[in-house]
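**Student:** Pasting final_33.cif below, which is mmCIF, C-alpha atoms.
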data_structure
#
loop_
_atom_site.label_atom_id
_atom_site.label_comp_id
_atom_site.auth_asym_id
_atom_site.auth_seq_id
_atom_site.Cartn_x
_atom_site.Cartn_y
_atom_site.Cartn_z
CA MET A 1 78.59 99.96 126.57
CA SER A 2 79.11 96.87 124.44
CA SER A 3 78.49 95.65 120.92
CA PRO A 4 74.86 94.96 119.98
CA GLN A 5 76.19 92.09 117.83
CA THR A 6 76.75 88.52 118.98
CA ALA A 7 80.14 86.87 118.51
CA ARG A 8 78.58 84.67 115.81
CA GLN A 9 77.26 87.69 113.91
CA ILE A 10 80.64 89.39 114.08
CA LEU A 11 82.44 86.30 112.84
CA ASP A 12 79.92 85.78 110.04
CA ARG A 13 80.33 89.36 108.90
CA HIS A 14 84.12 89.57 109.15
CA TYR A 15 85.41 86.06 108.44
CA LEU A 16 86.35 86.70 104.82
CA GLU A 17 87.75 90.13 105.68
CA ILE A 18 90.00 88.67 108.39
CA ARG A 19 91.09 85.84 106.07
CA SER A 20 92.00 88.42 103.44
CA LYS A 21 94.06 90.42 105.94
CA ILE A 22 95.98 87.28 106.99
CA LEU A 23 96.72 86.55 103.33
CA ASP A 24 97.93 90.13 102.78
CA LEU A 25 100.23 89.76 105.76
CA ALA A 26 101.57 86.41 104.53
CA ALA A 27 102.13 87.74 101.03
CA SER A 28 103.92 90.84 102.33
CA LEU A 29 106.34 88.75 104.39
CA ASP A 30 106.87 86.40 101.41
CA ARG A 31 107.72 89.41 99.27
CA VAL A 32 110.39 90.53 101.72
CA ASP A 33 111.89 87.03 101.81
CA ARG A 34 111.78 86.57 98.04
CA ALA A 35 113.62 89.84 97.48
CA GLY A 36 116.86 88.27 98.74
CA LYS A 37 119.26 88.41 101.63
CA ASP A 38 120.53 91.97 102.03
CA GLY A 39 120.71 92.04 105.82
CA THR A 40 117.04 92.92 106.12
CA GLN A 41 116.42 89.75 108.12
CA ASP A 42 118.20 91.45 111.04
CA ASP A 43 116.14 94.65 110.73
CA PRO A 44 114.57 95.35 114.13
CA ARG A 45 111.32 96.30 112.40
CA LEU A 46 110.92 92.70 111.21
CA ALA A 47 111.44 91.48 114.77
CA LYS A 48 108.74 93.90 115.92
CA LEU A 49 106.38 92.61 113.23
CA ARG A 50 107.04 89.01 114.36
CA SER A 51 106.29 90.00 117.96
CA GLY A 52 103.09 91.66 116.80
CA ILE A 53 101.98 88.52 114.96
CA GLU A 54 102.75 86.37 118.01
CA LEU A 55 100.68 88.74 120.14
CA LEU A 56 97.63 88.07 117.98
CA LEU A 57 97.65 84.44 119.15
CA THR A 58 97.40 85.36 122.83
CA PRO A 59 94.00 85.45 124.57
CA GLY A 60 92.23 88.64 125.71
CA THR A 61 90.04 91.51 124.53
CA ASP A 62 92.82 94.11 124.40
CA ARG A 63 95.06 92.81 121.61
CA ALA A 64 94.74 96.03 119.61
CA GLU A 65 95.93 98.09 122.58
CA ARG A 66 98.82 95.70 123.22
CA VAL A 67 99.89 95.86 119.58
CA GLN A 68 99.80 99.67 119.82
CA MET A 69 102.03 99.54 122.88
CA LEU A 70 104.46 97.16 121.16
CA PHE A 71 104.99 99.81 118.47
CA SER A 72 105.19 102.74 120.94
CA ASP A 73 108.15 104.62 122.39
CA THR A 74 108.50 104.43 126.15
CA TYR A 75 107.10 107.24 128.28
CA VAL A 76 109.43 108.44 131.04
CA GLU A 77 107.72 109.85 134.12
CA ASN A 78 108.84 113.19 135.57
CA TRP A 79 110.27 114.27 132.22
CA MET A 80 109.25 117.86 132.97
CA LYS A 81 111.55 118.02 135.98
CA LYS A 82 114.69 117.11 134.00
CA MET B 1 71.92 111.90 109.11
CA TYR B 2 73.33 115.38 109.67
CA PHE B 3 76.92 115.42 110.94
CA ILE B 4 79.71 117.79 111.89
CA ASP B 5 83.30 117.06 110.92
CA PRO B 6 85.19 118.62 113.85
CA HIS B 7 88.62 118.35 112.23
CA VAL B 8 89.21 118.70 108.51
CA HIS B 9 91.77 120.78 106.59
CA MET B 10 89.56 122.07 103.83
CA ILE B 11 92.14 124.46 102.37
CA SER B 12 93.76 121.28 101.03
CA ARG B 13 90.53 120.03 99.53
CA THR B 14 88.47 121.06 96.53
CA THR B 15 85.09 122.74 96.38
CA ASP B 16 83.83 119.43 94.98
CA ASP B 17 84.68 117.90 98.36
CA TYR B 18 82.54 120.50 100.12
CA GLU B 19 79.71 119.61 97.75
CA ARG B 20 80.07 115.88 98.39
CA MET B 21 80.21 116.46 102.14
CA THR B 22 77.01 118.50 101.97
CA ARG B 23 75.26 115.74 100.04
CA MET B 24 76.30 113.25 102.71
CA GLY B 25 74.79 115.41 105.49
CA CYS B 26 77.68 117.60 106.66
CA VAL B 27 76.36 120.86 108.12
CA ALA B 28 79.49 122.28 109.79
CA ILE B 29 83.21 121.69 110.01
CA SER B 30 86.05 122.99 112.11
CA GLU B 31 89.46 123.47 110.56
CA PRO B 32 92.54 123.65 112.79
CA ALA B 33 95.68 125.39 111.55
CA PHE B 34 98.23 122.76 110.45
CA TRP B 35 101.43 121.93 108.57
CA ALA B 36 101.20 122.74 104.86
CA GLY B 37 103.62 120.00 103.80
CA TYR B 38 106.62 122.34 103.94
CA ASP B 39 108.08 124.64 106.59
CA ARG B 40 107.01 128.23 106.04
CA GLY B 41 109.77 130.81 105.97
CA SER B 42 108.25 133.68 107.90
CA ALA B 43 105.51 134.77 110.28
CA ALA B 44 103.97 136.71 107.40
CA SER B 45 103.12 133.40 105.73
CA PHE B 46 101.08 132.46 108.80
CA HIS B 47 99.36 135.83 108.77
CA ASP B 48 98.19 135.13 105.24
CA TYR B 49 97.16 131.60 106.25
CA PHE B 50 95.08 132.93 109.17
CA ARG B 51 93.37 135.34 106.79
CA GLN B 52 92.54 132.46 104.47
CA LEU B 53 91.09 130.46 107.38
CA THR B 54 88.99 133.36 108.65
CA GLU B 55 88.01 135.14 105.43
CA PHE B 56 87.98 133.05 102.26
CA GLU B 57 87.42 129.55 103.62
CA PRO B 58 84.17 130.32 105.51
CA MET B 59 82.84 131.94 102.36
CA ARG B 60 83.82 128.93 100.19
CA ALA B 61 82.25 126.51 102.70
CA GLY B 62 79.12 128.64 102.70
CA TRP B 63 78.73 128.16 98.95
CA SER B 64 77.95 124.54 99.80
CA GLY B 65 75.83 125.38 102.82
CA ILE B 66 78.48 124.30 105.33
CA GLN B 67 79.24 126.40 108.41
CA HIS B 68 83.01 126.83 108.77
CA TYR B 69 84.87 127.27 112.06
CA THR B 70 88.59 127.37 112.67
CA TRP B 71 91.40 127.16 115.24
CA LEU B 72 94.66 129.12 115.05
CA CYS B 73 98.25 128.31 116.03
CA ILE B 74 101.63 127.32 114.67
CA ASN B 75 101.57 123.55 114.32
CA ALA B 76 103.81 121.23 116.35
CA LYS B 77 106.14 120.42 113.46
CA GLU B 78 107.03 124.05 112.72
CA ALA B 79 107.04 124.84 116.45
CA GLU B 80 110.48 123.23 116.54
CA ASN B 81 111.64 126.66 115.30
CA VAL B 82 111.07 128.48 118.60
CA SER B 83 111.82 132.02 117.40
CA LEU B 84 109.45 131.71 114.41
CA ALA B 85 106.81 130.12 116.64
CA ARG B 86 106.95 133.03 119.06
CA GLU B 87 106.50 135.52 116.21
CA VAL B 88 103.46 133.57 115.03
CA ILE B 89 101.95 133.36 118.52
CA LYS B 90 102.14 137.17 118.70
CA LEU B 91 99.99 137.37 115.55
CA ILE B 92 97.16 135.21 116.86
CA PRO B 93 95.30 137.65 119.18
CA GLU B 94 94.33 139.99 116.34
CA PHE B 95 92.34 137.10 114.79
CA LEU B 96 90.62 135.73 117.89
CA ASP B 97 87.55 137.93 117.59
CA ARG B 98 86.85 136.91 114.02
CA PRO B 99 83.44 135.26 113.85
CA ASN B 100 84.51 131.71 112.97
CA VAL B 101 87.46 131.32 115.39
CA LEU B 102 86.80 128.74 118.12
CA GLY B 103 90.17 128.79 119.83
CA ILE B 104 93.82 127.73 119.73
CA GLY B 105 94.74 124.63 117.73
CA GLU B 106 95.85 122.24 116.62
CA ILE B 107 98.75 122.63 119.00
CA GLY B 108 100.59 119.62 120.35
CA LEU B 109 103.71 117.55 119.84
CA ASN B 110 105.24 115.96 116.77
CA LYS B 111 108.55 114.33 117.76
CA ASN B 112 108.14 115.01 121.48
CA THR B 113 111.07 117.47 121.66
CA MET B 114 111.70 120.08 124.33
CA ASN B 115 111.27 122.89 121.78
CA GLU B 116 107.84 121.56 120.84
CA SER B 117 106.95 121.29 124.54
CA THR B 118 108.03 124.88 125.15
CA ILE B 119 105.85 126.23 122.36
CA PHE B 120 102.96 123.98 123.39
CA GLN B 121 103.00 125.52 126.86
CA GLU B 122 103.20 129.05 125.42
CA HIS B 123 100.15 128.32 123.26
CA VAL B 124 98.29 127.01 126.31
CA ASP B 125 99.24 130.16 128.20
CA LEU B 126 97.85 132.29 125.37
CA ALA B 127 94.65 130.26 125.31
CA VAL B 128 93.93 130.58 129.03
CA ARG B 129 94.84 134.27 129.10
CA MET B 130 92.51 134.94 126.14
CA ASP B 131 89.75 132.60 127.43
CA GLN B 132 90.04 130.32 124.40
CA GLN B 133 89.25 126.65 123.93
CA ILE B 134 92.11 124.35 122.91
CA LEU B 135 92.32 121.65 120.23
CA ILE B 136 95.32 119.34 120.52
CA HIS B 137 97.17 117.23 117.96
CA THR B 138 98.82 114.10 119.35
CA PRO B 139 101.85 112.63 117.56
CA HIS B 140 101.87 109.88 114.97
CA LEU B 141 102.73 106.20 115.25
CA GLN B 142 105.46 105.26 117.77
CA ASP B 143 105.52 108.79 119.22
CA LYS B 144 101.84 108.87 120.09
CA PHE B 145 101.73 107.16 123.49
CA LYS B 146 104.70 109.05 124.91
CA GLY B 147 103.59 112.34 123.36
CA THR B 148 100.02 112.08 124.58
CA HIS B 149 101.31 111.38 128.08
CA MET B 150 103.58 114.44 127.89
CA ILE B 151 100.70 116.61 126.68
CA VAL B 152 98.47 115.49 129.54
CA ASP B 153 101.34 116.16 131.98
CA MET B 154 101.73 119.74 130.70
CA LEU B 155 98.00 120.43 130.77
CA ARG B 156 97.64 119.09 134.31
CA ALA B 157 100.63 121.13 135.46
CA ASP B 158 98.80 124.34 134.50
CA TYR B 159 96.09 124.80 137.13
CA ARG B 160 94.30 127.37 134.94
CA VAL B 161 93.40 124.80 132.26
CA GLN B 162 89.78 123.61 132.33
CA PRO B 163 89.80 120.05 130.93
CA GLN B 164 86.24 120.28 129.62
CA ARG B 165 87.38 123.09 127.28
CA VAL B 166 90.22 121.00 125.81
CA LEU B 167 89.96 118.42 123.01
CA ILE B 168 92.75 115.84 122.66
CA ASP B 169 92.66 114.60 119.09
CA HIS B 170 93.82 111.51 117.19
CA VAL B 171 93.32 109.18 120.16
CA GLU B 172 93.58 105.45 119.56
CA GLU B 173 93.26 102.28 121.63
CA HIS B 174 96.31 103.04 123.77
CA THR B 175 95.66 106.75 124.39
CA VAL B 176 91.89 107.16 124.72
CA ARG B 177 91.95 106.55 128.48
CA LEU B 178 94.73 109.09 129.01
CA ALA B 179 92.44 111.80 127.69
CA ARG B 180 89.17 110.62 129.18
CA ASP B 181 90.46 109.81 132.67
CA HIS B 182 91.47 113.42 133.22
CA GLY B 183 88.23 114.98 131.98
CA PHE B 184 89.39 116.13 128.54
CA TRP B 185 87.29 115.71 125.43
CA CYS B 186 88.79 113.46 122.78
CA ALA B 187 88.41 112.63 119.11
CA MET B 188 89.32 109.75 116.85
CA THR B 189 90.66 110.40 113.37
CA LEU B 190 89.53 108.09 110.59
CA TYR B 191 92.44 107.54 108.18
CA PRO B 192 92.92 104.90 105.50
CA THR B 193 96.22 103.50 106.88
CA THR B 194 97.35 105.36 110.00
CA LYS B 195 95.26 106.36 113.03
CA CYS B 196 91.77 104.71 113.24
CA THR B 197 89.61 102.90 110.75
CA PRO B 198 85.84 103.34 111.11
CA ALA B 199 85.65 99.79 112.52
CA ARG B 200 88.30 100.42 115.18
CA ALA B 201 86.67 103.73 116.09
CA ALA B 202 83.39 101.87 116.58
CA ASP B 203 85.23 99.30 118.72
CA ILE B 204 86.57 102.11 120.93
CA ILE B 205 83.07 103.55 121.32
CA GLU B 206 81.79 100.12 122.32
CA GLN B 207 84.58 99.76 124.90
CA TYR B 208 84.68 103.27 126.35
CA GLY B 209 81.24 104.74 125.68
CA ASP B 210 80.02 107.83 123.86
CA GLU B 211 80.67 110.59 126.41
CA GLN B 212 83.02 113.45 125.48
CA ILE B 213 84.16 111.74 122.29
CA MET B 214 83.75 112.46 118.58
CA VAL B 215 85.12 111.32 115.22
CA ASN B 216 86.69 113.28 112.37
CA SER B 217 88.20 112.79 108.94
CA ALA B 218 91.19 115.12 109.42
CA GLY B 219 91.05 115.27 105.63
CA ASP B 220 94.11 117.07 104.27
CA TRP B 221 96.62 116.94 101.40
CA GLY B 222 97.76 113.40 102.30
CA PRO B 223 95.94 110.07 102.11
CA SER B 224 92.62 110.90 103.75
CA ASN B 225 88.90 110.90 103.07
CA PRO B 226 86.64 113.87 103.82
CA LEU B 227 83.70 111.46 103.79
CA ALA B 228 85.14 109.30 106.57
CA VAL B 229 82.54 110.40 109.14
CA PRO B 230 79.69 108.98 107.00
CA ASP B 231 81.74 105.77 106.75
CA PHE B 232 81.76 105.63 110.55
CA ILE B 233 78.00 106.24 110.63
CA GLN B 234 77.53 103.34 108.24
CA GLU B 235 79.77 101.06 110.33
CA MET B 236 77.79 101.87 113.48
CA ARG B 237 74.50 101.24 111.68
CA LYS B 238 75.71 97.86 110.39
CA ARG B 239 76.51 96.87 113.97
CA GLY B 240 72.98 97.73 115.08
CA HIS B 241 73.67 100.87 117.10
CA SER B 242 70.75 103.28 117.47
CA GLU B 243 70.43 106.45 115.41
CA THR B 244 70.32 108.39 118.69
CA LYS B 245 73.68 107.03 119.79
CA ILE B 246 75.30 107.64 116.40
CA LYS B 247 73.93 111.19 116.24
CA LYS B 248 75.34 111.88 119.69
CA ILE B 249 78.86 111.09 118.47
CA VAL B 250 78.77 112.81 115.07
CA TYR B 251 76.54 115.80 115.85
CA ASP B 252 75.52 116.38 119.47
CA ASN B 253 78.98 115.97 120.98
CA PRO B 254 80.77 118.40 118.64
CA LEU B 255 77.95 120.91 119.22
CA LYS B 256 78.28 120.54 122.99
CA PHE B 257 82.04 121.01 122.93
CA PHE B 258 82.08 123.89 120.45
CA SER B 259 79.25 125.68 122.27
CA GLN B 260 81.73 126.61 124.98
CA SER B 261 83.35 129.03 122.53
CA LYS B 262 81.88 132.53 122.46
CA ASN B 263 82.25 132.64 118.67
CA PHE B 264 80.26 129.46 118.06
CA ARG B 265 76.94 130.63 116.63
CA PHE B 266 75.71 127.45 115.05
CA GLN B 267 72.53 127.61 113.06
CA ALA B 268 70.56 124.42 112.70
CA PRO B 269 70.54 122.78 109.24
CA ASP B 270 68.44 124.18 106.40
CA ILE B 271 68.54 127.74 107.76
CA THR B 272 71.87 128.99 106.45
CA TYR B 273 72.04 127.28 103.08
CA GLY B 274 73.76 129.46 100.55
CA THR B 275 74.34 132.47 102.80
CA GLY B 276 78.08 132.00 103.03
CA LYS B 277 77.99 132.92 106.71
CA PRO B 278 79.48 130.80 109.50
#
Would you mind writing the structure in this file as structure tokens?
**Tutor:**
Amino acid sequence: MSSPQTARQILDRHYLEIRSKILDLAASLDRVDRAGKDGTQDDPRLAKLRSGIELLLTPGTDRAERVQMLFSDTYVENWMKK
Amino acid sequence: MYFIDPHVHMISRTTDDYERMTRMGCVAISEPAFWAGYDRGSAASFHDYFRQLTEFEPMRAGWSGIQHYTWLCINAKEAENVSLAREVIKLIPEFLDRPNVLGIGEIGLNKNTMNESTIFQEHVDLAVRMDQQILIHTPHLQDKFKGTHMIVDMLRADYRVQPQRVLIDHVEEHTVRLARDHGFWCAMTLYPTTKCTPARAADIIEQYGDEQIMVNSAGDWGPSNPLAVPDFIQEMRKRGHSETKIKKIVYDNPLKFFSQSKNFRFQAPDITYGTGKP
């Protein structure tokens, strides 16, 4: 099953919405930076967010899944036998 | 379009919400037992809660013409207290014959601990012994992938479990295949900030199809929207999906899954309005 919409239709419908989300992201990161240097720059959550943003620039049709995995704990096989 | 919200915690919502849901086409809901926002101090509190879910809530839903079904358990968060959880599990059988009870749920994991896993497996044991369907909560955020995997492991380790009678809820992009590949039903929860948006849920339908999948609002006392299923319907319509396909996800699929429960006596819309009966 796939989308009944063409890529052009999707882009036409969502261009402004995506632009707005990028601006929200930019403004949020600006806000963190403006608030001063309190060691937050070393917070691993910021590093995760940077990795997530970099992931958006990679090709593919599974970016959402890869972002989910970036923010997921690791599953350890055979955990029931421990 | 008529729809069923297969997961919504109406005890946290107002009668006005029932009315608005009716106006938007909701004809039935199912309400799993969940965490009230605080840890309850005794099994007696759960007894009262189960009475509310099986006595008052179906009557209140009926005032708005909505058929109310429910699932019983001690939720994953409070299941960390193993002794309390076992007391609560002992209470459940006396409620299973009540006319709106569909099965055991929402059981699952919260922080993926061994205590939670122990109580999850004891709930599953109760369900299979009592011939009940199962509705499963999967963890939030970073715990979801690992927890969903653990849940699938435990279900597959119990040969008595029939996957087609189990619903794995709150699936997202990274967990939908885990549920579907092993024959379980699954559901996507439409939340404003966590879980799925209507657009992402529609994306998942477009990628993985419309078999054994449904959407819900999981409306509760936190940020949530009991009208999220109509938002999904609207998103699907805007994309050009057929009414038949949309109806399958929001109406036919919940009916098909729930119909496996002996207590599910659904009456088609317009028949039960105002009777107060499930």
**Student:** Applied to this file, what does the PyMOL selection byres ((chain A) within 6 of (chain B)) return in terms of residues, put as a PyMOL selection string?
**Tutor:** chain A and resi 1-4+65+71-73+75
**Student:** Quick one: apply the PyMOL selection byres ((chain B and resi 115) around 9) to the file and drop the selected residues here as a list of chain:residue names.
**Tutor:** B:Ala79, B:Glu80, B:Asn81, B:Val82, B:Asn112, B:Thr113, B:Met114, B:Glu116, B:Ser117, B:Thr118, B:Ile119, B:Phe120
**Student:** Which value, in Å to one decimal, gives the distance between CA of Glu77 (chain A) and CA of Ala76 (chain B)?
**Tutor:**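 Straight-line distance from CA of Glu77 (chain A) to CA of Ala76 (chain B) works out to 21.5 Å.
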**Student:** Given the file shown, enumerate the residues that the PyMOL selection byres ((chain B and resi 163) around 6) captures and present them as an MDAnalysis selection string.
**Tutor:** chainID B and resid 162 164:166 183:184
**Student:** May I have the protein, DNA and RNA residues with an atom at most 12 Å from (92.9, 111.6, 107.6), counting all atoms listed in the file in the file's coordinates, returned as a PyMOL selection string?
**Tutor:** chain B and resi 5+7-10+12-13+140+169-170+188-198+215-229
**Student:** Using all atoms listed in the file, find all polymer residues with an atom at most 9 Å away from the point (93.5, 138.9, 114.0); report them as a list in words.
**Tutor:**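 Using all atoms listed in the file, the matching residues come out as His47, Phe50, Arg51, Thr54, Leu91, Ile92, Pro93, Glu94, Phe95, Leu96, Asp97 and Arg98 of chain B.
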**Student:** Between B:Met59, B:Ile168, B:Ile151, B:Ala43, single out the one closest to Gly105 (chain B), counting all atoms listed in the file.
**Tutor:** B:Ile168
**Student:** How far is it from CA of Pro6 (chain B) to CA of Asp48 (chain B), in Å with one decimal?
**Tutor:**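 If I compute the distance from CA of Pro6 (chain B) to CA of Asp48 (chain B), I get 22.7 Å.
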**Student:** Set the distance at 12 Å and use all atoms listed in the file: which residues neighbour Arg60 (chain B) once local chain neighbours fewer than 2 positions away are removed? I'd like the list as a ChimeraX atom specification.
**Tutor:** /B:10-11,13-19,52-58,62-68,274-278
**Student:** Could you tell me how far CA of Ala36 (chain B) lies from CA of Cys73 (chain B), in Å and to one decimal?
**Tutor:** 12.8 Å
**Student:** Write out as a ChimeraX atom specification each polymer residue whose atoms come within 9 Å of region 40-57 of chain A, counting all atoms listed in the file; drop sequence neighbours fewer than 2 positions from it.
**Tutor:** /A:32-33,36-38,59,63-64,66-67,70-71
